[in-house]
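Trainee: My structure file input-v5.cif, mmCIF, C-alpha atoms, is below:
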```
data_input
#
loop_
_atom_site.label_atom_id
_atom_site.label_comp_id
_atom_site.auth_asym_id
_atom_site.auth_seq_id
_atom_site.Cartn_x
_atom_site.Cartn_y
_atom_site.Cartn_z
CA MET P 1 98.06 106.99 89.93
CA ARG P 2 98.47 110.26 88.03
CA ASP P 3 96.62 110.90 84.77
CA PHE P 4 99.19 112.48 82.48
CA GLU P 5 96.44 113.39 80.03
CA LYS P 6 95.55 116.15 82.48
CA GLN P 7 97.38 119.34 83.38
CA HIS P 8 98.97 119.57 86.81
CA ILE P 9 98.52 122.13 89.56
CA ILE P 10 100.77 122.36 92.60
CA LEU P 11 99.17 124.17 95.54
CA LEU P 12 101.87 125.44 97.88
CA THR P 13 100.64 126.46 101.34
CA THR P 14 101.36 126.09 105.04
CA TRP P 15 97.61 126.32 105.73
CA TYR P 16 95.73 123.07 105.20
CA PRO P 17 93.79 120.63 107.41
CA PRO P 18 94.18 119.62 110.21
CA ARG P 19 94.96 123.30 110.88
CA HIS P 20 91.95 125.60 111.32
CA SER P 21 91.64 129.14 109.97
CA ILE P 22 90.15 131.26 107.21
CA ALA P 23 93.40 130.62 105.32
CA VAL P 24 92.83 126.87 105.60
CA ASN P 25 89.28 127.25 104.30
CA ARG P 26 90.52 129.13 101.24
CA MET P 27 93.19 126.56 100.39
CA LEU P 28 90.86 123.64 101.03
CA ALA P 29 88.31 125.21 98.68
CA PHE P 30 90.99 125.57 95.98
CA ALA P 31 91.88 121.88 96.34
CA LYS P 32 88.23 120.84 96.50
CA TYR P 33 86.81 122.84 93.58
CA LEU P 34 89.65 123.03 91.07
CA ASP P 35 88.34 121.25 87.99
CA LYS P 36 89.37 117.60 88.38
CA ASP P 37 88.32 116.82 84.81
CA ARG P 38 91.14 119.09 83.67
CA PHE P 39 93.64 119.11 86.52
CA ASP P 40 95.40 116.78 88.91
CA VAL P 41 96.34 118.65 92.07
CA ASP P 42 99.30 118.23 94.44
CA VAL P 43 99.09 120.05 97.76
CA ILE P 44 102.44 120.69 99.41
CA THR P 45 101.77 121.74 102.97
CA LEU P 46 102.95 121.67 106.55
CA PHE P 47 103.11 118.56 108.69
CA THR P 48 101.72 119.38 112.10
CA ASP P 49 101.31 117.45 115.31
CA GLU P 50 97.67 118.46 115.48
CA LYS P 51 95.20 115.59 115.64
CA MET P 52 93.69 114.70 112.28
CA GLU P 53 90.25 113.55 113.38
CA GLN P 54 89.32 112.64 109.83
CA ASP P 55 91.76 113.02 106.98
CA VAL P 56 90.54 115.16 104.12
CA VAL P 57 90.47 112.94 101.05
CA ILE P 58 89.61 114.60 97.75
CA GLU P 59 89.65 112.65 94.50
CA GLY P 60 92.33 113.99 92.19
CA VAL P 61 94.27 115.61 95.05
CA THR P 62 97.53 114.27 96.52
CA VAL P 63 98.70 115.87 99.78
CA HIS P 64 102.39 116.03 100.74
CA ARG P 65 102.99 117.03 104.39
CA LEU P 66 106.48 118.32 105.09
CA GLN P 67 108.16 118.90 108.45
CA ASN P 68 109.24 122.30 109.72
CA ASN P 69 111.98 121.71 112.25
CA THR P 70 112.36 124.94 114.17
CA LEU P 71 113.06 125.59 117.82
CA PHE P 72 110.63 128.48 118.31
CA LYS P 73 107.06 128.42 117.02
CA ARG P 74 104.20 130.86 117.34
CA ALA P 75 101.74 130.36 120.16
CA LYS P 76 98.39 128.99 119.07
CA PHE P 77 95.01 130.38 120.02
CA ASP P 78 93.03 127.17 119.49
CA LYS P 79 92.13 126.58 123.16
CA PRO P 80 90.22 128.78 125.60
CA VAL P 81 92.47 130.71 127.98
CA CYS P 82 91.97 133.57 130.42
CA TYR P 83 92.24 137.19 129.32
CA ILE P 84 95.73 137.70 130.83
CA PHE P 85 97.21 134.51 129.35
CA HIS P 86 95.74 135.43 125.95
CA LYS P 87 97.62 138.75 126.15
CA ILE P 88 100.85 136.98 127.17
CA LYS P 89 100.62 134.63 124.18
CA ALA P 90 99.99 137.55 121.84
CA LEU P 91 103.03 139.39 123.25
CA TYR P 92 105.16 136.25 122.83
CA ASN P 93 104.21 136.13 119.14
CA VAL P 94 105.17 139.78 118.69
CA VAL P 95 108.59 139.20 120.32
CA LEU P 96 109.10 136.00 118.31
CA ALA P 97 108.35 137.82 115.05
CA PHE P 98 111.06 140.37 115.93
CA PHE P 99 113.81 137.82 116.59
CA VAL P 100 112.76 134.98 114.26
CA LYS P 101 112.30 136.41 110.78
CA ARG P 102 111.62 133.14 109.00
CA GLU P 103 109.50 130.76 111.05
CA TYR P 104 109.02 128.38 108.09
CA HIS P 105 112.55 128.50 106.68
CA ASP P 106 113.14 124.76 107.20
CA TRP P 107 109.78 123.90 105.60
CA GLN P 108 110.67 126.17 102.68
CA LYS P 109 113.83 124.17 101.90
CA ARG P 110 111.90 120.89 101.95
CA ALA P 111 109.06 122.35 99.86
CA GLU P 112 111.48 123.66 97.25
CA LYS P 113 112.99 120.21 96.78
CA LYS P 114 109.53 118.65 96.50
CA VAL P 115 108.24 121.17 93.96
CA PHE P 116 111.48 120.79 91.98
CA SER P 117 110.99 117.02 91.72
CA LEU P 118 107.31 117.37 90.73
CA LEU P 119 108.14 119.94 88.05
CA LYS P 120 110.75 117.59 86.60
CA GLU P 121 108.12 114.83 86.56
CA TYR P 122 105.17 116.83 85.20
CA GLY P 123 106.88 119.20 82.80
CA SER P 124 106.80 122.90 81.96
CA GLY P 125 103.00 123.14 81.61
CA THR P 126 102.54 122.78 85.36
CA THR P 127 100.87 125.60 87.29
CA VAL P 128 102.10 126.47 90.78
CA ILE P 129 99.75 128.37 93.11
CA SER P 130 101.61 129.74 96.14
CA SER P 131 99.75 131.16 99.11
CA TYR P 132 100.83 134.14 101.23
CA GLU P 133 101.06 134.50 104.18
CA PRO P 134 103.56 133.34 105.37
CA ILE P 135 106.03 134.53 102.72
CA GLU P 136 107.82 131.18 102.35
CA PRO P 137 105.52 129.63 99.69
CA HIS P 138 106.22 132.64 97.45
CA LEU P 139 109.94 132.34 98.18
CA VAL P 140 109.87 128.73 96.97
CA ALA P 141 108.39 129.80 93.63
CA ILE P 142 110.79 132.76 93.33
CA SER P 143 113.82 130.53 93.98
CA LEU P 144 112.73 127.98 91.36
CA LYS P 145 112.04 130.72 88.81
CA ARG P 146 115.50 132.18 89.41
CA GLN P 147 116.98 128.73 88.83
CA GLY P 148 115.42 128.81 85.37
CA LEU P 149 112.65 126.26 85.85
CA CYS P 150 109.72 126.78 83.52
CA PHE P 151 106.24 126.71 85.07
CA ASN P 152 103.13 128.86 85.32
CA TRP P 153 102.98 130.79 88.59
CA ILE P 154 99.94 132.22 90.37
CA ALA P 155 100.86 134.15 93.53
CA ASP P 156 97.78 134.14 95.76
CA CYS P 157 97.86 136.84 98.45
CA ARG P 158 95.16 136.93 101.11
CA ASP P 159 96.67 140.15 102.46
CA GLU P 160 98.95 142.95 101.38
CA ILE P 161 102.68 142.33 101.71
CA THR P 162 104.66 145.59 102.06
CA GLN P 163 101.48 147.66 102.42
CA ASN P 164 100.27 145.55 105.35
CA TYR P 165 100.42 147.70 108.49
CA SER P 166 101.01 144.62 110.67
CA VAL P 167 104.33 143.77 108.99
CA THR P 168 107.08 144.71 111.44
CA LYS P 169 109.96 146.99 110.50
CA SER P 170 112.37 144.10 110.95
CA LEU P 171 110.53 142.11 108.27
CA ARG P 172 109.69 144.94 105.88
CA LYS P 173 113.01 144.84 103.99
CA LEU P 174 112.71 141.07 103.41
CA TYR P 175 109.08 141.41 102.36
CA ALA P 176 109.76 144.35 100.06
CA LYS P 177 112.39 142.33 98.18
CA ALA P 178 110.08 139.30 98.00
CA GLU P 179 107.19 141.41 96.68
CA GLN P 180 109.31 142.95 93.93
CA GLN P 181 110.50 139.49 92.87
CA MET P 182 106.92 138.21 92.96
CA LEU P 183 105.82 141.03 90.65
CA ARG P 184 108.78 140.26 88.38
CA TYR P 185 108.24 136.50 88.06
CA ALA P 186 104.56 135.73 88.74
CA ASP P 187 102.26 135.32 85.75
CA VAL P 188 99.16 136.09 87.82
CA VAL P 189 98.62 137.74 91.21
CA THR P 190 95.32 136.93 92.88
CA SER P 191 93.84 138.34 96.05
CA VAL P 192 90.60 138.51 98.02
CA SER P 193 89.57 142.06 97.09
CA GLN P 194 90.08 144.71 94.44
CA PRO P 195 91.68 147.34 96.74
CA ILE P 196 94.41 144.88 97.77
CA LEU P 197 95.07 144.05 94.12
CA GLU P 198 95.31 147.74 93.30
CA GLY P 199 97.95 148.05 96.01
CA PHE P 200 100.05 145.35 94.38
CA GLU P 201 99.55 146.86 90.95
CA SER P 202 100.78 150.24 92.22
CA ASN P 203 104.03 148.57 93.35
CA VAL P 204 104.95 147.32 89.87
CA PRO P 205 108.07 149.32 88.91
CA GLU P 206 107.40 151.96 86.27
CA GLY P 207 108.55 150.76 82.86
CA SER P 208 108.73 147.12 83.99
CA SER P 209 109.11 144.66 81.13
CA HIS P 210 106.83 142.22 82.94
CA ILE P 211 103.45 143.07 84.42
CA PRO P 212 101.47 140.17 85.90
CA LEU P 213 97.75 139.73 85.44
CA PHE P 214 95.80 140.80 88.54
CA ALA P 215 92.60 138.92 89.42
CA GLU P 216 90.15 138.94 92.33
CA ILE P 217 89.17 135.58 93.83
CA ARG P 218 87.11 136.32 96.92
CA ASN P 219 86.66 134.11 99.91
CA GLY P 220 83.21 132.63 100.45
CA TYR P 221 81.03 130.22 102.35
CA ASP P 222 81.22 126.49 101.75
CA PHE P 223 78.00 124.85 102.86
CA GLU P 224 74.67 124.11 101.28
CA GLU P 225 72.11 126.91 101.17
CA MET P 226 70.32 127.28 104.45
CA ALA P 227 66.70 128.00 105.10
CA TYR P 228 65.96 131.21 106.99
CA GLY P 229 65.70 129.30 110.28
CA HIS P 230 63.47 129.82 113.27
CA LYS P 231 62.75 132.96 115.28
CA ASN P 232 63.81 132.93 118.94
CA ASP P 233 61.55 134.02 121.81
CA ILE P 234 64.39 136.35 122.87
CA PHE P 235 66.12 138.47 120.24
CA THR P 236 69.45 136.68 119.88
CA ILE P 237 72.56 138.28 118.41
CA ILE P 238 75.60 136.08 117.75
CA TYR P 239 79.25 136.77 117.05
CA THR P 240 81.45 133.81 116.08
CA GLY P 241 85.23 133.75 116.13
CA THR P 242 87.92 135.49 118.10
CA PHE P 243 88.69 139.11 118.91
CA TYR P 244 92.28 139.95 118.03
CA SER P 245 94.49 142.95 117.31
CA ASN P 246 92.22 146.03 117.19
CA ILE P 247 89.07 144.03 116.47
CA LYS P 248 87.26 144.57 119.74
CA PRO P 249 83.56 144.73 120.77
CA TYR P 250 83.77 147.71 123.11
CA THR P 251 82.03 150.34 120.96
CA PHE P 252 79.30 147.74 120.39
CA PHE P 253 79.04 147.27 124.16
CA LYS P 254 78.63 151.02 124.64
CA ALA P 255 75.89 151.14 122.01
CA LEU P 256 74.17 148.14 123.58
CA GLN P 257 74.14 149.91 126.94
CA VAL P 258 72.55 152.98 125.33
CA PHE P 259 69.94 150.83 123.58
CA LEU P 260 68.99 148.98 126.77
CA SER P 261 68.77 152.18 128.79
CA SER P 262 66.10 153.48 126.42
CA ASN P 263 64.44 150.11 125.78
CA THR P 264 64.12 148.70 129.27
CA GLU P 265 61.55 146.09 128.26
CA ALA P 266 63.63 144.71 125.38
CA LYS P 267 64.19 140.95 125.39
CA LEU P 268 67.71 140.53 124.12
CA ARG P 269 70.69 138.18 124.34
CA VAL P 270 74.18 138.41 122.82
CA ASN P 271 76.24 135.23 122.36
CA LEU P 272 79.97 135.67 121.69
CA VAL P 273 80.99 132.21 120.51
CA GLY P 274 84.68 131.39 120.27
CA VAL P 275 86.02 134.29 122.32
CA GLY P 276 86.36 132.35 125.57
CA LYS P 277 87.51 134.66 128.37
CA THR P 278 89.49 137.02 126.17
CA VAL P 279 86.82 139.74 126.38
CA LEU P 280 85.95 141.80 129.43
CA VAL P 281 82.16 142.17 129.49
CA PRO P 282 80.93 145.27 131.40
CA HIS P 283 79.21 144.34 134.68
CA ASN P 284 75.91 145.91 133.64
CA LEU P 285 75.82 143.74 130.50
CA GLU P 286 76.65 140.41 132.13
CA SER P 287 72.95 139.48 132.23
CA VAL P 288 72.62 139.78 128.42
CA VAL P 289 76.13 139.16 126.99
CA TYR P 290 77.47 135.60 127.23
CA THR P 291 80.90 134.37 126.15
CA PHE P 292 81.63 130.83 124.99
CA ALA P 293 84.73 128.85 124.09
CA LYS P 294 85.47 127.83 120.53
CA VAL P 295 83.12 125.19 119.09
CA PRO P 296 83.44 122.96 116.01
CA HIS P 297 82.71 124.76 112.75
CA SER P 298 79.55 122.74 112.08
CA GLU P 299 78.21 123.71 115.51
CA ALA P 300 79.06 127.37 114.94
CA LEU P 301 77.10 127.31 111.66
CA LEU P 302 74.09 125.83 113.43
CA LYS P 303 74.27 128.51 116.11
CA MET P 304 74.41 131.21 113.44
CA GLN P 305 71.43 129.77 111.62
CA ASN P 306 69.45 129.60 114.86
CA SER P 307 70.16 133.21 115.85
CA ASP P 308 68.17 136.29 114.86
CA CYS P 309 71.05 138.62 114.01
CA LEU P 310 74.70 138.10 113.06
CA LEU P 311 77.23 140.56 114.46
CA LEU P 312 80.23 141.59 112.35
CA ILE P 313 82.91 143.80 113.91
CA LEU P 314 85.67 145.34 111.77
CA PRO P 315 87.32 148.60 112.84
CA LYS P 316 88.59 151.24 110.45
CA GLN P 317 92.15 150.53 109.41
CA ASN P 318 94.92 152.15 107.42
CA ARG P 319 93.95 149.91 104.53
CA LYS P 320 90.97 149.03 102.38
CA GLY P 321 89.71 145.76 100.98
CA VAL P 322 88.93 143.83 104.18
CA TYR P 323 85.83 141.66 103.86
CA SER P 324 86.53 139.20 106.71
CA GLY P 325 85.90 135.53 105.99
CA LYS P 326 83.16 135.65 108.61
CA LEU P 327 81.06 137.92 106.40
CA PHE P 328 80.65 135.30 103.67
CA GLU P 329 79.50 132.64 106.12
CA TYR P 330 77.04 135.14 107.55
CA LEU P 331 75.68 135.77 104.04
CA GLY P 332 75.33 132.03 103.49
CA CYS P 333 73.21 131.76 106.65
CA ARG P 334 70.65 134.26 105.24
CA LYS P 335 70.20 135.99 108.59
CA PRO P 336 70.27 139.79 109.07
CA ILE P 337 73.76 141.17 109.68
CA LEU P 338 74.56 144.00 112.07
CA ALA P 339 77.86 145.23 110.62
CA VAL P 340 79.92 147.43 112.94
CA VAL P 341 82.50 148.29 110.29
CA ASP P 342 84.16 150.95 108.19
CA PRO P 343 81.20 152.25 106.15
CA ASP P 344 83.54 153.12 103.27
CA ASP P 345 85.15 149.71 102.83
CA VAL P 346 84.22 146.62 100.82
CA ALA P 347 82.41 144.74 103.61
CA ALA P 348 79.89 147.55 104.04
CA GLU P 349 79.45 147.82 100.27
CA LEU P 350 78.77 144.09 99.85
CA ILE P 351 76.24 143.99 102.69
CA LYS P 352 74.38 146.87 101.09
CA GLN P 353 74.51 145.23 97.65
CA CYS P 354 73.11 142.02 99.15
CA ASN P 355 70.52 143.92 101.23
CA ALA P 356 71.71 141.66 104.03
CA GLY P 357 71.57 143.93 107.05
CA TYR P 358 72.49 147.22 108.65
CA VAL P 359 75.86 148.98 108.40
CA ALA P 360 76.97 151.03 111.42
CA ASP P 361 80.18 153.05 111.67
CA PHE P 362 82.57 151.26 114.04
CA ASP P 363 83.41 154.53 115.81
CA ASP P 364 79.85 155.87 116.05
CA VAL P 365 78.00 154.62 119.14
CA GLN P 366 74.72 156.23 118.08
CA SER P 367 74.94 154.62 114.64
CA ILE P 368 75.51 151.20 116.24
CA LYS P 369 72.65 151.79 118.68
CA GLN P 370 70.36 152.59 115.74
CA GLY P 371 71.49 149.39 114.04
CA ILE P 372 70.63 147.33 117.12
CA GLU P 373 67.24 149.03 117.20
CA GLU P 374 66.51 148.33 113.54
CA MET P 375 67.54 144.68 113.83
CA TYR P 376 65.48 144.33 117.03
CA ASN P 377 62.37 145.81 115.39
CA LEU P 378 62.84 143.52 112.39
CA TRP P 379 62.75 140.54 114.77
CA LYS P 380 59.92 141.98 116.88
CA ASN P 381 57.69 142.54 113.84
CA GLY P 382 58.50 139.15 112.32
CA GLU P 383 59.89 140.73 109.15
CA ARG P 384 62.57 139.40 106.82
CA LEU P 385 64.98 141.20 104.56
CA LYS P 386 64.58 140.60 100.83
CA MET P 387 68.18 139.63 100.19
CA ASN P 388 69.95 139.60 96.81
CA GLU P 389 70.02 135.82 96.39
CA PRO P 390 72.01 135.67 93.09
CA LEU P 391 74.76 137.84 94.56
CA ILE P 392 74.89 135.79 97.75
CA ARG P 393 75.10 132.53 95.78
CA ALA P 394 77.98 134.03 93.77
CA HIS P 395 79.95 133.99 97.01
CA HIS P 396 79.79 130.26 97.53
CA ARG P 397 83.39 129.06 97.39
CA LYS P 398 82.54 126.78 94.48
CA ALA P 399 81.49 129.83 92.44
CA GLN P 400 84.64 131.75 93.40
CA VAL P 401 86.95 128.83 92.53
CA ALA P 402 85.07 128.48 89.23
CA LYS P 403 86.53 131.93 88.44
CA LEU P 404 89.97 130.54 89.29
CA ASN P 405 89.41 127.55 86.99
CA GLU P 406 88.46 129.89 84.17
CA LEU P 407 91.45 132.12 84.89
CA ILE P 408 93.91 129.21 84.78
CA THR P 409 92.41 127.77 81.61
CA ASN P 410 92.24 131.06 79.71
CA THR P 411 95.67 132.24 80.82
CA PHE P 412 97.72 129.08 80.42
CA TYR P 413 95.86 126.33 78.58
CA LYS P 414 93.50 127.93 76.07
CA SER P 415 94.30 126.56 72.63
#
```
Can I see the file as C-alpha cells?
Mentor:
Amino acid sequence: MRDFEKQHIILLTTWYPPRHSIAVNRMLAFAKYLDKDRFDVDVITLFTDEKMEQDVVIEGVTVHRLQNNTLFKRAKFDKPVCYIFHKIKALYNVVLAFFVKREYHDWQKRAEKKVFSLLKEYGSGTTVISSYEPIEPHLVAISLKRQGLCFNWIADCRDEITQNYSVTKSLRKLYAKAEQQMLRYADVVTSVSQPILEGFESNVPEGSSHIPLFAEIRNGYDFEEMAYGHKNDIFTIIYTGTFYSNIKPYTFFKALQVFLSSNTEAKLRVNLVGVGKTVLVPHNLESVVYTFAKVPHSEALLKMQNSDCLLLILPKQNRKGVYSGKLFEYLGCRKPILAVVDPDDVAAELIKQCNAGYVADFDDVQSIKQGIEEMYNLWKNGERLKMNEPLIRAHHRKAQVAKLNELITNTFYKS
C-alpha cells in the first residue's frame, strides 16, 4: 500500500538484482538508502531468467520487472571459461553492438508505459532517476518529457556518453542526440566523479536556455566497517574481479618478476580471484600467482579482509574520472592498496588522500616493483598505515546516497 503523504521516486534501470555488477550495486544502494521517511520508491527494471536465490525486499520499495524480448543478447561473463572462449565471447559482443544498436528497445517500450501510468497515479511532484548505461532508461525519460509529462528528472550517468571512448562509431550518432536531449530536459545530471561531470557540462550548448544542475554521487562500499584482520605467514596480495578490455595484469607481472629476482628469499603469494582462466600467467610465476573462478561477493570480501595487500589495476585511458568500484570496497577493508593506475587520475588522488597504500604508474615497471617492495616491507615489519578514517567512512554507500537524498530534497521539495 502506497503512502500518498510521501513523495515518490521512480528508479529506472536495467541493472538490479538478481544481476551482478558494479552498476547493480549502485542502483541497489539508491533503492536501499533513499530516505523512506520522505519517499516511496518504485524500481522499474529488467526481468531476467537468472536465478533469484533470495529476493531483495526493501521496505518502501516496489520492484517492477519487465521483459525484454529480443533475439540477440550480449554474452555474459558470469561463469568461468577458458582464455580462448572468453575472447570469442568478447568478440561476439563487439559484433553484436555493431549490428544491434538497441539491445533493450523492447524493454524501453514496456518501461515507458509503466512510468507513464505511475506518473498519472502519483502526480507531477514525482522524481524519476534514470540510469545510464544502457541508454534506454534515459530515452524513456526523454520520450515522456517530449510528450509533455511533468516530473522531476535526475539523469544518473556512471560513465560518459559521447565522450566515452568505448562507444562505437555506429552508436555515436544515436548517443550524441540522446545526450543533447538529456542536457535539454534533465533537471539534474549526476555521475560518479567530477571529471565525468565536467565532460557533460562542456557539452551543454552555448547560450542554452536550460542548464541542468551537475552533482557528484560517488560509488562506495556497502558493508559494516571491518577490523584490520590478521597477518598471513606468507605475504598475500589479492585482486578480485575480472580483467577486461585494456585492464590487464601484465605490467604487474613484469614488476613481480623483477622484485622476485632481487628478493629471492621473499615469501609471497598473489591470488587473482574471479579471473578464472582468462589470464595467461608467465611460467616462472606459476608458483606464486594463482587464479580462481568467481566467488560470491561475501566470500570475496572475506578473502580481501584476510589478505595483506589489495591489488588495483587501472591503465591510463583517454579519459579521466575513473575510480573503479573495486577501489571503494578495498578502502572499506582497511588493508593496504597497491594501486597500479594512472597517477594523475582520481583513483590515485583518493588513495593518497586516504593514506591507504602505494600508487604506481601502470606503465612503469620499476615504479610497480617499488610498490611491491614497500607493501612487502610493511607486512614484514608488522606495520600498519594510519588511514584517513573519516574520509574512508564518507565513501560508505549510505553516506553517498545521503548526498543524493539532500540533493533531491533541496532541488525539488524544499519549501
Trainee: Which residues of range 157-234 of chain P sit at most 10 Å from range 28-49 of chain P, using only C-alpha atoms? Give each one's shortest atom pair and distance in Å (one decimal place), in chain and ascending residue order, as a Markdown table.
Mentor:
```
| residue | atom | partner | partner_atom | distance |
| --- | --- | --- | --- | --- |
| P:Asn219 | CA | P:Ala29 | CA | 9.1 |
| P:Gly220 | CA | P:Ala29 | CA | 9.2 |
| P:Tyr221 | CA | P:Ala29 | CA | 9.6 |
| P:Asp222 | CA | P:Ala29 | CA | 7.8 |
```
Trainee: For range 127-241 of chain P versus range 283-299 of chain P, which residues have an atom no more than 12 Å away, and what is each residue's nearest atom pair and distance in Å rounded to one decimal, using only C-alpha atoms, chain-then-number order, as CSV?
Mentor:
```
residue,atom,partner,partner_atom,distance
P:Tyr221,CA,P:His297,CA,11.9
P:Asp222,CA,P:Ser298,CA,11.1
P:Phe223,CA,P:Ser298,CA,9.6
P:Glu224,CA,P:Ser298,CA,11.9
P:Ile234,CA,P:Val288,CA,10.5
P:Phe235,CA,P:Val288,CA,10.5
P:Thr236,CA,P:Val288,CA,9.6
P:Ile237,CA,P:Val289,CA,9.3
P:Ile238,CA,P:Tyr290,CA,9.7
P:Tyr239,CA,P:Thr291,CA,9.6
P:Thr240,CA,P:Lys294,CA,8.5
P:Gly241,CA,P:Lys294,CA,7.4
```
Trainee: I need the chosen residues saved as a PDB file, in the coordinates of the input, with C-alpha atoms.
Mentor:
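Output file part-v9.pdb is given in full below:
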```
ATOM      1  CA  TYR P 221      81.030 130.220 102.350  1.00  0.00           C
ATOM      2  CA  ASP P 222      81.220 126.490 101.750  1.00  0.00           C
ATOM      3  CA  PHE P 223      78.000 124.850 102.860  1.00  0.00           C
ATOM      4  CA  GLU P 224      74.670 124.110 101.280  1.00  0.00           C
ATOM      5  CA  ILE P 234      64.390 136.350 122.870  1.00  0.00           C
ATOM      6  CA  PHE P 235      66.120 138.470 120.240  1.00  0.00           C
ATOM      7  CA  THR P 236      69.450 136.680 119.880  1.00  0.00           C
ATOM      8  CA  ILE P 237      72.560 138.280 118.410  1.00  0.00           C
ATOM      9  CA  ILE P 238      75.600 136.080 117.750  1.00  0.00           C
ATOM     10  CA  TYR P 239      79.250 136.770 117.050  1.00  0.00           C
ATOM     11  CA  THR P 240      81.450 133.810 116.080  1.00  0.00           C
ATOM     12  CA  GLY P 241      85.230 133.750 116.130  1.00  0.00           C
TER      13      GLY P 241
END
```
Trainee: Run the PyMOL selection byres ((chain P and resi 310) around 12) on the file and write out the hits as an MDAnalysis selection string.
Mentor: chainID P and resid 235:241 269:273 300:301 303:309 311:313 326:340 356:359 371:372 375:376
Trainee: Generate a file of the selected residues that holds C-alpha atoms, formatted as a PDB file, in the frame of the given file.
Mentor:
```pdb
ATOM      1  CA  PHE P 235      66.120 138.470 120.240  1.00  0.00           C
ATOM      2  CA  THR P 236      69.450 136.680 119.880  1.00  0.00           C
ATOM      3  CA  ILE P 237      72.560 138.280 118.410  1.00  0.00           C
ATOM      4  CA  ILE P 238      75.600 136.080 117.750  1.00  0.00           C
ATOM      5  CA  TYR P 239      79.250 136.770 117.050  1.00  0.00           C
ATOM      6  CA  THR P 240      81.450 133.810 116.080  1.00  0.00           C
ATOM      7  CA  GLY P 241      85.230 133.750 116.130  1.00  0.00           C
ATOM      8  CA  ARG P 269      70.690 138.180 124.340  1.00  0.00           C
ATOM      9  CA  VAL P 270      74.180 138.410 122.820  1.00  0.00           C
ATOM     10  CA  ASN P 271      76.240 135.230 122.360  1.00  0.00           C
ATOM     11  CA  LEU P 272      79.970 135.670 121.690  1.00  0.00           C
ATOM     12  CA  VAL P 273      80.990 132.210 120.510  1.00  0.00           C
ATOM     13  CA  ALA P 300      79.060 127.370 114.940  1.00  0.00           C
ATOM     14  CA  LEU P 301      77.100 127.310 111.660  1.00  0.00           C
ATOM     15  CA  LYS P 303      74.270 128.510 116.110  1.00  0.00           C
ATOM     16  CA  MET P 304      74.410 131.210 113.440  1.00  0.00           C
ATOM     17  CA  GLN P 305      71.430 129.770 111.620  1.00  0.00           C
ATOM     18  CA  ASN P 306      69.450 129.600 114.860  1.00  0.00           C
ATOM     19  CA  SER P 307      70.160 133.210 115.850  1.00  0.00           C
ATOM     20  CA  ASP P 308      68.170 136.290 114.860  1.00  0.00           C
ATOM     21  CA  CYS P 309      71.050 138.620 114.010  1.00  0.00           C
ATOM     22  CA  LEU P 311      77.230 140.560 114.460  1.00  0.00           C
ATOM     23  CA  LEU P 312      80.230 141.590 112.350  1.00  0.00           C
ATOM     24  CA  ILE P 313      82.910 143.800 113.910  1.00  0.00           C
ATOM     25  CA  LYS P 326      83.160 135.650 108.610  1.00  0.00           C
ATOM     26  CA  LEU P 327      81.060 137.920 106.400  1.00  0.00           C
ATOM     27  CA  PHE P 328      80.650 135.300 103.670  1.00  0.00           C
ATOM     28  CA  GLU P 329      79.500 132.640 106.120  1.00  0.00           C
ATOM     29  CA  TYR P 330      77.040 135.140 107.550  1.00  0.00           C
ATOM     30  CA  LEU P 331      75.680 135.770 104.040  1.00  0.00           C
ATOM     31  CA  GLY P 332      75.330 132.030 103.490  1.00  0.00           C
ATOM     32  CA  CYS P 333      73.210 131.760 106.650  1.00  0.00           C
ATOM     33  CA  ARG P 334      70.650 134.260 105.240  1.00  0.00           C
ATOM     34  CA  LYS P 335      70.200 135.990 108.590  1.00  0.00           C
ATOM     35  CA  PRO P 336      70.270 139.790 109.070  1.00  0.00           C
ATOM     36  CA  ILE P 337      73.760 141.170 109.680  1.00  0.00           C
ATOM     37  CA  LEU P 338      74.560 144.000 112.070  1.00  0.00           C
ATOM     38  CA  ALA P 339      77.860 145.230 110.620  1.00  0.00           C
ATOM     39  CA  VAL P 340      79.920 147.430 112.940  1.00  0.00           C
ATOM     40  CA  ALA P 356      71.710 141.660 104.030  1.00  0.00           C
ATOM     41  CA  GLY P 357      71.570 143.930 107.050  1.00  0.00           C
ATOM     42  CA  TYR P 358      72.490 147.220 108.650  1.00  0.00           C
ATOM     43  CA  VAL P 359      75.860 148.980 108.400  1.00  0.00           C
ATOM     44  CA  GLY P 371      71.490 149.390 114.040  1.00  0.00           C
ATOM     45  CA  ILE P 372      70.630 147.330 117.120  1.00  0.00           C
ATOM     46  CA  MET P 375      67.540 144.680 113.830  1.00  0.00           C
ATOM     47  CA  TYR P 376      65.480 144.330 117.030  1.00  0.00           C
TER      48      TYR P 376
END
```
Trainee: So that I can check the surroundings of Ala23 in chain P, please list as an NGL selection string every protein, DNA and RNA residue that reaches within 12 Å of it, counting all atoms listed in the file and ignoring chain neighbours fewer than 2 positions away.
Mentor: :P and (13-17 or 19-21 or 25-30 or 131-134 or 156-159 or 192 or 218-220 or 324-326)
Trainee: Work out how far CA of Tyr104 in chain P is from CA of Glu136 in chain P, in Å to one decimal.
Mentor: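 Result for CA of Glu136 in chain P versus CA of Tyr104 in chain P: 6.5 Å, one decimal.
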Trainee: Could you state the separation of CA of Arg184 in chain P and CA of Ile217 in chain P in Å, given to one decimal place?
Mentor: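 Between CA of Arg184 in chain P and CA of Ile217 in chain P the gap is 20.9 Å.
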Trainee: Quote the spacing between CA of Gly321 in chain P and CA of Leu256 in chain P in Å to one decimal place.
Mentor: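 That distance, rounded to one decimal, is 27.5 Å.
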Trainee: Extract, using only C-alpha atoms, all DNA, RNA and protein residues at most 12 Å from Pro195 in chain P, discarding same-chain residues fewer than 4 positions from it, and format them as a ChimeraX atom specification.
Mentor: /P:158-160,163,190-191,199-202,214-216,218,319-323,344-347
Trainee: Written as number ranges by chain, which residues does the PyMOL selection byres ((chain P and resi 365) around 12) give for the file shown?
Mentor: P: 249-259, 340-341, 360-364, 366-372
Trainee: Could you tell me which residues the PyMOL selection byres ((chain P and resi 68) around 7) grabs in this file, written as an MDAnalysis selection string?
Mentor: chainID P and resid 66:67 69:70 104 106:107
Trainee: Output C-alpha atoms of each residue in that selection to a file, as a short mmCIF file (atom, residue, chain, number, x, y, z; two decimals), in the frame of the given file.
Mentor:
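Writing the result to result14.cif gives the following:
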```cif
data_model
loop_
_atom_site.label_atom_id
_atom_site.label_comp_id
_atom_site.auth_asym_id
_atom_site.auth_seq_id
_atom_site.Cartn_x
_atom_site.Cartn_y
_atom_site.Cartn_z
CA LEU P 66 106.48 118.32 105.09
CA GLN P 67 108.16 118.90 108.45
CA ASN P 69 111.98 121.71 112.25
CA THR P 70 112.36 124.94 114.17
CA TYR P 104 109.02 128.38 108.09
CA ASP P 106 113.14 124.76 107.20
CA TRP P 107 109.78 123.90 105.60
#
```
